[in-house]
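File shown here: start-v6.tsv, holding TSV, C-alpha atoms and all ligand atoms.
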```
chain	number	residue	atom	x	y	z
Y	1	MET	CA	-13.76	0.77	-20.20
Y	2	ILE	CA	-11.56	3.57	-18.85
Y	3	GLU	CA	-7.82	2.90	-18.71
Y	4	ILE	CA	-5.05	4.73	-16.88
Y	5	GLU	CA	-1.46	4.68	-18.08
Y	6	TYR	CA	1.37	5.50	-15.69
Y	7	GLN	CA	5.08	4.72	-15.74
Y	8	LYS	CA	4.68	2.25	-18.67
Y	9	ALA	CA	1.83	0.41	-16.91
Y	10	VAL	CA	-1.77	0.38	-18.11
Y	11	VAL	CA	-4.69	-0.58	-15.87
Y	12	LYS	CA	-8.40	-0.69	-16.49
Y	13	LEU	CA	-10.68	0.88	-13.88
Y	14	ALA	CA	-13.80	-0.81	-12.49
Y	15	ASP	CA	-16.86	0.10	-10.48
Y	16	ASN	CA	-16.45	-0.15	-6.69
Y	17	VAL	CA	-12.64	-0.02	-6.99
Y	18	TYR	CA	-10.41	2.90	-5.90
Y	19	GLU	CA	-9.46	5.00	-8.90
Y	20	PRO	CA	-5.69	5.64	-8.86
Y	21	ALA	CA	-4.97	9.16	-7.62
Y	22	GLU	CA	-2.09	11.30	-6.35
Y	23	ASP	CA	-1.36	8.90	-3.49
Y	24	SER	CA	-1.17	5.92	-5.89
Y	25	PHE	CA	1.16	7.76	-8.27
Y	26	LEU	CA	3.42	9.06	-5.48
Y	27	LEU	CA	3.73	5.54	-4.06
Y	28	ALA	CA	4.45	4.08	-7.50
Y	29	ASP	CA	7.22	6.66	-8.05
Y	30	VAL	CA	8.80	5.92	-4.68
Y	31	VAL	CA	8.58	2.16	-5.18
Y	32	LEU	CA	10.55	2.54	-8.40
Y	33	GLN	CA	13.28	4.31	-6.43
Y	34	TYR	CA	13.63	1.54	-3.85
Y	35	ALA	CA	12.61	-1.71	-5.58
Y	36	TYR	CA	15.01	-3.66	-7.74
Y	37	ASP	CA	15.19	-6.81	-9.86
Y	38	GLY	CA	15.03	-10.10	-7.97
Y	39	MET	CA	13.08	-8.77	-4.99
Y	40	ARG	CA	10.19	-10.61	-3.37
Y	41	ILE	CA	7.42	-8.02	-3.14
Y	42	ILE	CA	3.90	-7.96	-1.74
Y	43	GLU	CA	1.41	-5.15	-2.13
Y	44	ILE	CA	-1.43	-4.98	0.38
Y	45	GLY	CA	-4.63	-3.27	-0.83
Y	46	THR	CA	-3.79	-3.26	-4.52
Y	47	GLY	CA	-7.07	-1.74	-5.81
Y	48	THR	CA	-6.84	-1.70	-9.61
Y	49	GLY	CA	-3.30	-3.05	-9.26
Y	50	ILE	CA	-1.69	0.16	-10.49
Y	51	VAL	CA	1.32	0.12	-8.15
Y	52	SER	CA	2.06	-3.56	-8.74
Y	53	ALA	CA	1.55	-3.02	-12.47
Y	54	VAL	CA	4.14	-0.22	-12.45
Y	55	ILE	CA	6.58	-2.55	-10.69
Y	56	ARG	CA	5.93	-5.31	-13.24
Y	57	ALA	CA	6.28	-2.91	-16.17
Y	58	ASN	CA	9.64	-1.57	-15.01
Y	59	LEU	CA	11.36	-4.27	-12.97
Y	60	ASN	CA	11.87	-8.00	-12.85
Y	61	PRO	CA	11.05	-9.07	-9.31
Y	62	GLU	CA	11.48	-12.71	-8.23
Y	63	LEU	CA	7.93	-12.55	-6.87
Y	64	ILE	CA	5.21	-9.96	-6.82
Y	65	ILE	CA	1.84	-10.73	-5.30
Y	66	ALA	CA	-0.94	-8.56	-3.97
Y	67	THR	CA	-3.99	-8.72	-1.73
Y	68	ASP	CA	-7.19	-6.75	-1.42
Y	69	ILE	CA	-10.15	-7.21	0.87
Y	70	ASN	CA	-12.56	-5.82	-1.75
Y	71	PRO	CA	-13.69	-8.58	-4.14
Y	72	TYR	CA	-14.27	-6.03	-6.91
Y	73	ALA	CA	-10.70	-4.82	-6.51
Y	74	ALA	CA	-9.31	-8.37	-6.54
Y	75	ARG	CA	-11.23	-9.09	-9.75
Y	76	CYS	CA	-10.10	-5.80	-11.32
Y	77	ALA	CA	-6.43	-6.31	-10.37
Y	78	LYS	CA	-6.55	-9.86	-11.72
Y	79	ALA	CA	-7.94	-8.56	-15.02
Y	80	ASN	CA	-5.03	-6.11	-15.03
Y	81	GLY	CA	-2.56	-9.00	-14.84
Y	82	ILE	CA	-1.79	-8.89	-11.12
Y	83	ASP	CA	-1.33	-12.07	-9.08
Y	84	VAL	CA	-3.84	-11.15	-6.38
Y	85	ILE	CA	-5.49	-12.86	-3.43
Y	86	ARG	CA	-8.79	-11.55	-2.11
Y	87	THR	CA	-8.12	-11.47	1.60
Y	88	ASP	CA	-7.76	-9.30	4.69
Y	89	MET	CA	-4.19	-7.97	4.86
Y	90	PHE	CA	-1.81	-10.98	4.84
Y	91	GLU	CA	-4.39	-13.65	5.62
Y	92	GLY	CA	-4.33	-16.32	2.94
Y	93	ILE	CA	-0.60	-15.85	2.41
Y	94	LYS	CA	0.49	-19.37	3.12
Y	95	ARG	CA	3.44	-20.53	5.19
Y	96	LEU	CA	4.38	-17.02	6.31
Y	97	PRO	CA	6.77	-16.18	3.50
Y	98	ILE	CA	9.22	-13.36	3.94
Y	99	PHE	CA	9.14	-10.41	1.56
Y	100	ASP	CA	11.94	-7.98	0.77
Y	101	LEU	CA	9.51	-5.16	0.15
Y	102	ILE	CA	5.98	-4.64	1.49
Y	103	VAL	CA	3.94	-1.89	-0.16
Y	104	PHE	CA	0.67	-0.40	1.12
Y	105	ASN	CA	-1.47	2.60	0.23
Y	106	PRO	CA	-4.02	2.13	3.01
Y	107	PRO	CA	-7.35	3.75	3.73
Y	108	TYR	CA	-6.40	6.66	5.97
Y	109	LEU	CA	-9.38	9.00	6.16
Y	110	PRO	CA	-10.87	9.63	9.59
Y	111	THR	CA	-14.50	8.63	9.09
Y	112	GLU	CA	-16.74	9.10	12.07
Y	113	ASP	CA	-19.55	10.01	9.69
Y	114	GLY	CA	-19.73	9.85	5.96
Y	115	LYS	CA	-19.00	6.22	5.28
Y	116	ILE	CA	-19.42	5.17	1.66
Y	117	GLU	CA	-21.91	2.42	0.85
Y	118	GLY	CA	-20.44	-0.93	-0.12
Y	119	TRP	CA	-16.95	-2.29	-0.68
Y	120	LEU	CA	-15.46	1.00	-1.87
Y	121	ASN	CA	-15.60	2.20	1.73
Y	122	TYR	CA	-12.53	0.01	2.40
Y	123	ALA	CA	-10.50	2.28	0.14
Y	124	PHE	CA	-11.05	5.32	2.37
Y	125	ASP	CA	-12.25	4.42	5.84
Y	126	GLY	CA	-9.43	4.52	8.38
Y	127	GLY	CA	-11.82	4.49	11.35
Y	128	ILE	CA	-12.45	7.44	13.65
Y	129	SER	CA	-8.78	8.42	13.87
Y	130	GLY	CA	-7.88	7.40	10.31
Y	131	ASN	CA	-5.27	5.00	11.70
Y	132	ASP	CA	-7.24	1.79	12.32
Y	133	THR	CA	-6.21	-0.11	9.18
Y	134	VAL	CA	-2.60	1.03	9.48
Y	135	GLU	CA	-2.46	-0.15	13.08
Y	136	ALA	CA	-3.85	-3.56	12.05
Y	137	PHE	CA	-1.20	-3.70	9.30
Y	138	LEU	CA	1.58	-2.85	11.74
Y	139	GLY	CA	0.32	-5.60	14.04
Y	140	SER	CA	1.17	-8.33	11.54
Y	141	VAL	CA	3.67	-6.92	9.03
Y	142	GLY	CA	6.68	-7.89	11.14
Y	143	ASP	CA	5.83	-11.59	10.64
Y	144	TYR	CA	6.54	-11.18	6.92
Y	145	MET	CA	9.82	-9.26	7.22
Y	146	SER	CA	13.42	-10.34	7.54
Y	147	ASP	CA	16.02	-8.03	9.07
Y	148	ASN	CA	16.65	-6.70	5.55
Y	149	SER	CA	13.04	-6.10	4.52
Y	150	SER	CA	11.45	-2.70	4.14
Y	151	ILE	CA	7.97	-1.19	4.02
Y	152	LEU	CA	6.80	1.62	1.75
Y	153	MET	CA	3.49	2.98	3.02
Y	154	VAL	CA	1.36	6.02	2.31
Y	155	THR	CA	-0.30	8.19	4.90
Y	156	SER	CA	-1.63	11.73	5.06
Y	157	SER	CA	-1.92	14.82	7.21
Y	158	LEU	CA	-5.65	13.99	7.32
Y	159	ALA	CA	-4.69	11.08	9.57
Y	160	ASP	CA	-1.90	11.54	12.15
Y	161	ILE	CA	1.54	11.14	10.62
Y	162	GLU	CA	3.46	11.56	13.89
Y	163	TYR	CA	1.27	8.94	15.55
Y	164	ILE	CA	2.00	6.46	12.75
Y	165	LEU	CA	5.74	7.14	12.98
Y	166	ASP	CA	5.58	6.50	16.75
Y	167	LYS	CA	3.56	3.31	16.26
Y	168	MET	CA	6.20	2.06	13.82
Y	169	LYS	CA	8.94	2.79	16.35
Y	170	ASP	CA	6.92	0.88	18.98
Y	171	LYS	CA	7.16	-2.10	16.59
Y	172	ASP	CA	10.97	-1.70	16.46
Y	173	LEU	CA	10.85	-0.25	12.96
Y	174	CYS	CA	12.92	2.70	11.79
Y	175	PRO	CA	10.59	4.95	9.79
Y	176	GLU	CA	11.53	7.85	7.57
Y	177	ILE	CA	9.39	10.09	5.36
Y	178	VAL	CA	10.91	9.67	1.89
Y	179	ALA	CA	8.41	11.60	-0.26
Y	180	SER	CA	5.56	14.04	0.12
Y	181	THR	CA	3.19	16.06	-2.00
Y	182	ARG	CA	0.49	18.62	-1.37
Y	183	TYR	CA	-2.91	17.59	-2.76
Y	184	PHE	CA	-5.80	19.96	-2.19
Y	185	PHE	CA	-6.11	20.15	1.62
Y	186	GLU	CA	-3.74	17.35	2.57
Y	187	ASP	CA	-0.08	16.47	2.62
Y	188	ILE	CA	0.37	12.95	1.30
Y	189	VAL	CA	3.56	11.26	2.47
Y	190	VAL	CA	5.31	7.97	1.82
Y	191	ILE	CA	6.97	6.43	4.84
Y	192	ARG	CA	9.80	3.97	4.38
Y	193	ALA	CA	10.37	1.71	7.38
Y	194	THR	CA	13.13	-0.81	7.95
Y	195	LYS	CA	14.17	-2.94	10.87
Y	196	HIS	CA	17.57	-1.20	11.02
Y	197	PRO	CA	18.33	2.44	10.18
Y	198	GLU	CA	21.46	1.56	8.22
Y	199	ILE	CA	19.62	-0.61	5.68
Y	200	ASN	CA	19.49	1.26	2.42
Y	201	ILE	CA	18.11	-1.14	-0.15
F	301	LIG	C1	-6.45	3.90	-0.99
F	301	LIG	S1	-6.85	2.40	-1.80
F	301	LIG	C2	-5.33	2.11	-2.69
F	301	LIG	C3	-5.50	1.22	-3.91
F	301	LIG	C4	-4.23	1.11	-4.77
F	301	LIG	N1	-3.15	0.47	-4.05
F	301	LIG	C5	-3.79	2.46	-5.25
F	301	LIG	O1	-2.78	2.98	-4.73
F	301	LIG	O2	-4.44	3.01	-6.15
F	301	LIG	C6	-6.74	1.22	-0.45
F	301	LIG	C7	-6.99	-0.23	-0.84
F	301	LIG	O3	-6.79	-1.06	0.30
F	301	LIG	C8	-7.80	-2.04	0.33
F	301	LIG	N2	-7.94	-2.49	1.72
F	301	LIG	C9	-8.49	-1.82	2.76
F	301	LIG	N3	-8.45	-2.57	3.88
F	301	LIG	C10	-7.82	-3.73	3.53
F	301	LIG	C11	-7.48	-4.90	4.26
F	301	LIG	N4	-7.78	-5.05	5.55
F	301	LIG	N5	-6.86	-5.90	3.57
F	301	LIG	C12	-6.57	-5.79	2.26
F	301	LIG	N6	-6.89	-4.69	1.53
F	301	LIG	C13	-7.50	-3.68	2.15
F	301	LIG	C14	-9.02	-1.33	-0.21
F	301	LIG	O4	-10.02	-2.23	-0.64
F	301	LIG	C15	-8.40	-0.50	-1.33
F	301	LIG	O5	-8.36	-1.20	-2.54
```

Could you render the structure as structure tokens?
Amino acid sequence: MIEIEYQKAVVKLADNVYEPAEDSFLLADVVLQYAYDGMRIIEIGTGTGIVSAVIRANLNPELIIATDINPYAARCAKANGIDVIRTDMFEGIKRLPIFDLIVFNPPYLPTEDGKIEGWLNYAFDGGISGNDTVEAFLGSVGDYMSDNSSILMVTSSLADIEYILDKMKDKDLCPEIVASTRYFFEDIVVIRATKHPEINI
């Protein structure tokens, strides 16, 4: 069984589950900059659980839970010690709790052709534009935020970063690119979005 170690966290990989890559590691690094002890955190699309595992290995949140639509990912993250629910986005999160921090490394590849067989496709397939899953996320994320909550979300120049920033503003969020890295032919960025620009948690 192959394991990956990053930022004091160790996760086992599994078939049909996204293998942590540059985007995962960039998000994990940024989360460690903005998360702190006592937070209530949810990670959507946890995959192996690497980002949540990094949080757990370095911080002491009040709550950290995760979801993934892929049953193989949910099983893998659970085996890696993550409290995970196999569900679509926030569905299955009962009684609409509010989270201080919402973390998501979504599928963002534009995929008119070239879909991958099986559940692993959910790790990559952002629809024709690359933005479909992100737009679905932005449609419901506000229900789980207080005025002080923030989002840390990955996207890429392979999708449409400006479009995502505009969509966030349409939802009355204040987005800012807080990290970026060049990876082969794409720029991977992490967007931090809050309900108010002055919030700096
Ligand atoms: C790019 S992978 C990231 C995995 C992991 N967070 C990481 O950074 O290594 C995207 C993940 O989101 C999951 N996903 C895609 N659509 C989803 C949805 N509607 N609800 C929950 N999870 C979803 C995929 O199954 C996949 O595990």

- Counting only C-alpha atoms, the residue of Y:Ser149, Y:Ser52, Y:Asn131, Y:Thr181 that sits nearest Lys167 in chain Y: Y:Asn131

- Pick out the residues no farther than 9 Å from ligand LIG 301 (chain F), counting all atoms listed in the file, and list them as a ChimeraX atom specification. /Y:17-28,43-52,66-74,86-91,103-108,119-126,133-134,136-137,154

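Those residues that approach range 184-193 of chain Y to within 8 Å, counting all atoms listed in the file, are Asp23, Leu26, Leu27, Val30, Ser150, Ile151, Leu152, Met153, Val154, Thr155, Ser156, Ser157, Leu158, Met168, Leu173, Cys174, Pro175, Glu176, Ile177 and Val178 of chain Y; same-chain residues fewer than 6 positions away are not listed.
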
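One distance worth recording is that between CA of Ala53 in chain Y and CA of Ser180 in chain Y, which is 21.6 Å.
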
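For the residues Y:Ile128, Y:Glu3, Y:Lys12, Y:Gly139, ranking by smallest atom-to-atom distance to Lys115 in chain Y using only C-alpha atoms places Y:Ile128 first.
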
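Picture a line from CA of Leu101 in chain Y to CA of Asp15 in chain Y; it runs 28.9 Å.
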
Give me the box for range 4-10 of chain Y as lines of an AutoDock Vina configuration file, namely the centre and edge lengths in Å to one decimal of a box along x, y and z that holds every listed atom plus 5 Å on each side.
```
center_x = 0.0
center_y = 2.9
center_z = -17.2
size_x = 20.1
size_y = 15.1
size_z = 13.0
```

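The smallest atom-to-atom distance between Ile102 in chain Y and any of Y:Tyr36, Y:Tyr144, Y:Tyr183, Y:Tyr163, using only C-alpha atoms, is found for Y:Tyr144.
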
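Note that CA of Asn58 in chain Y and CA of Asp29 in chain Y are 11.0 Å apart.
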
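The nearest approach to Pro197 in chain Y among the residues Y:Asn148, Y:Ile65, Y:Ala179, Y:Val54, with only C-alpha atoms taken into account, belongs to Y:Asn148.
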
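If you measure from each of Y:Gly81, Y:Pro61, Y:Gly130, Y:Gly118 to Gly38 in chain Y using all atoms listed in the file, the closest one turns out to be Y:Pro61.
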
Kindly complete range 153-170 of chain Y to N, CA, C and O atoms; the output should be written as a PDB file, in the coordinates of the input.
```pdb
ATOM      1  N   MET Y 153       4.904   2.808   2.672  1.00  0.00           N
ATOM      2  CA  MET Y 153       3.490   2.980   3.020  1.00  0.00           C
ATOM      3  C   MET Y 153       3.082   4.452   2.946  1.00  0.00           C
ATOM      4  O   MET Y 153       3.819   5.329   3.392  1.00  0.00           O
ATOM      5  N   VAL Y 154       1.893   4.667   2.423  1.00  0.00           N
ATOM      6  CA  VAL Y 154       1.360   6.020   2.310  1.00  0.00           C
ATOM      7  C   VAL Y 154       0.594   6.392   3.579  1.00  0.00           C
ATOM      8  O   VAL Y 154      -0.063   5.547   4.189  1.00  0.00           O
ATOM      9  N   THR Y 155       0.695   7.654   3.984  1.00  0.00           N
ATOM     10  CA  THR Y 155      -0.300   8.190   4.900  1.00  0.00           C
ATOM     11  C   THR Y 155      -0.463   9.684   4.598  1.00  0.00           C
ATOM     12  O   THR Y 155       0.089  10.171   3.613  1.00  0.00           O
ATOM     13  N   SER Y 156      -1.223  10.367   5.421  1.00  0.00           N
ATOM     14  CA  SER Y 156      -1.630  11.730   5.060  1.00  0.00           C
ATOM     15  C   SER Y 156      -1.782  12.582   6.306  1.00  0.00           C
ATOM     16  O   SER Y 156      -2.042  12.067   7.406  1.00  0.00           O
ATOM     17  N   SER Y 157      -1.681  13.884   6.104  1.00  0.00           N
ATOM     18  CA  SER Y 157      -1.920  14.820   7.210  1.00  0.00           C
ATOM     19  C   SER Y 157      -3.367  14.760   7.666  1.00  0.00           C
ATOM     20  O   SER Y 157      -3.698  15.259   8.741  1.00  0.00           O
ATOM     21  N   LEU Y 158      -4.259  14.157   6.887  1.00  0.00           N
ATOM     22  CA  LEU Y 158      -5.650  13.990   7.320  1.00  0.00           C
ATOM     23  C   LEU Y 158      -5.754  12.915   8.396  1.00  0.00           C
ATOM     24  O   LEU Y 158      -6.736  12.868   9.134  1.00  0.00           O
ATOM     25  N   ALA Y 159      -4.779  12.017   8.456  1.00  0.00           N
ATOM     26  CA  ALA Y 159      -4.690  11.080   9.570  1.00  0.00           C
ATOM     27  C   ALA Y 159      -3.735  11.722  10.590  1.00  0.00           C
ATOM     28  O   ALA Y 159      -3.823  12.907  10.831  1.00  0.00           O
ATOM     29  N   ASP Y 160      -2.833  10.954  11.187  1.00  0.00           N
ATOM     30  CA  ASP Y 160      -1.900  11.540  12.150  1.00  0.00           C
ATOM     31  C   ASP Y 160      -0.523  10.946  11.868  1.00  0.00           C
ATOM     32  O   ASP Y 160      -0.201   9.848  12.338  1.00  0.00           O
ATOM     33  N   ILE Y 161       0.263  11.683  11.098  1.00  0.00           N
ATOM     34  CA  ILE Y 161       1.540  11.140  10.620  1.00  0.00           C
ATOM     35  C   ILE Y 161       2.474  10.848  11.787  1.00  0.00           C
ATOM     36  O   ILE Y 161       3.106   9.776  11.840  1.00  0.00           O
ATOM     37  N   GLU Y 162       2.551  11.760  12.750  1.00  0.00           N
ATOM     38  CA  GLU Y 162       3.460  11.560  13.890  1.00  0.00           C
ATOM     39  C   GLU Y 162       3.064  10.311  14.685  1.00  0.00           C
ATOM     40  O   GLU Y 162       3.922   9.557  15.142  1.00  0.00           O
ATOM     41  N   TYR Y 163       1.760  10.114  14.834  1.00  0.00           N
ATOM     42  CA  TYR Y 163       1.270   8.940  15.550  1.00  0.00           C
ATOM     43  C   TYR Y 163       1.706   7.648  14.848  1.00  0.00           C
ATOM     44  O   TYR Y 163       2.152   6.700  15.487  1.00  0.00           O
ATOM     45  N   ILE Y 164       1.591   7.653  13.517  1.00  0.00           N
ATOM     46  CA  ILE Y 164       2.000   6.460  12.750  1.00  0.00           C
ATOM     47  C   ILE Y 164       3.502   6.220  12.895  1.00  0.00           C
ATOM     48  O   ILE Y 164       3.943   5.072  13.085  1.00  0.00           O
ATOM     49  N   LEU Y 165       4.281   7.294  12.822  1.00  0.00           N
ATOM     50  CA  LEU Y 165       5.740   7.140  12.980  1.00  0.00           C
ATOM     51  C   LEU Y 165       6.045   6.541  14.360  1.00  0.00           C
ATOM     52  O   LEU Y 165       6.881   5.629  14.484  1.00  0.00           O
ATOM     53  N   ASP Y 166       5.356   7.028  15.391  1.00  0.00           N
ATOM     54  CA  ASP Y 166       5.580   6.500  16.750  1.00  0.00           C
ATOM     55  C   ASP Y 166       5.159   5.046  16.852  1.00  0.00           C
ATOM     56  O   ASP Y 166       5.829   4.231  17.494  1.00  0.00           O
ATOM     57  N   LYS Y 167       4.027   4.707  16.214  1.00  0.00           N
ATOM     58  CA  LYS Y 167       3.560   3.310  16.260  1.00  0.00           C
ATOM     59  C   LYS Y 167       4.575   2.388  15.582  1.00  0.00           C
ATOM     60  O   LYS Y 167       4.803   1.256  16.024  1.00  0.00           O
ATOM     61  N   MET Y 168       5.184   2.866  14.495  1.00  0.00           N
ATOM     62  CA  MET Y 168       6.200   2.060  13.820  1.00  0.00           C
ATOM     63  C   MET Y 168       7.410   1.857  14.730  1.00  0.00           C
ATOM     64  O   MET Y 168       7.949   0.748  14.821  1.00  0.00           O
ATOM     65  N   LYS Y 169       7.798   2.918  15.426  1.00  0.00           N
ATOM     66  CA  LYS Y 169       8.940   2.790  16.350  1.00  0.00           C
ATOM     67  C   LYS Y 169       8.615   1.813  17.473  1.00  0.00           C
ATOM     68  O   LYS Y 169       9.460   1.033  17.898  1.00  0.00           O
ATOM     69  N   ASP Y 170       7.347   1.841  17.946  1.00  0.00           N
ATOM     70  CA  ASP Y 170       6.920   0.880  18.980  1.00  0.00           C
ATOM     71  C   ASP Y 170       7.097  -0.555  18.499  1.00  0.00           C
ATOM     72  O   ASP Y 170       7.249  -1.478  19.295  1.00  0.00           O
TER      73      ASP Y 170
END
```
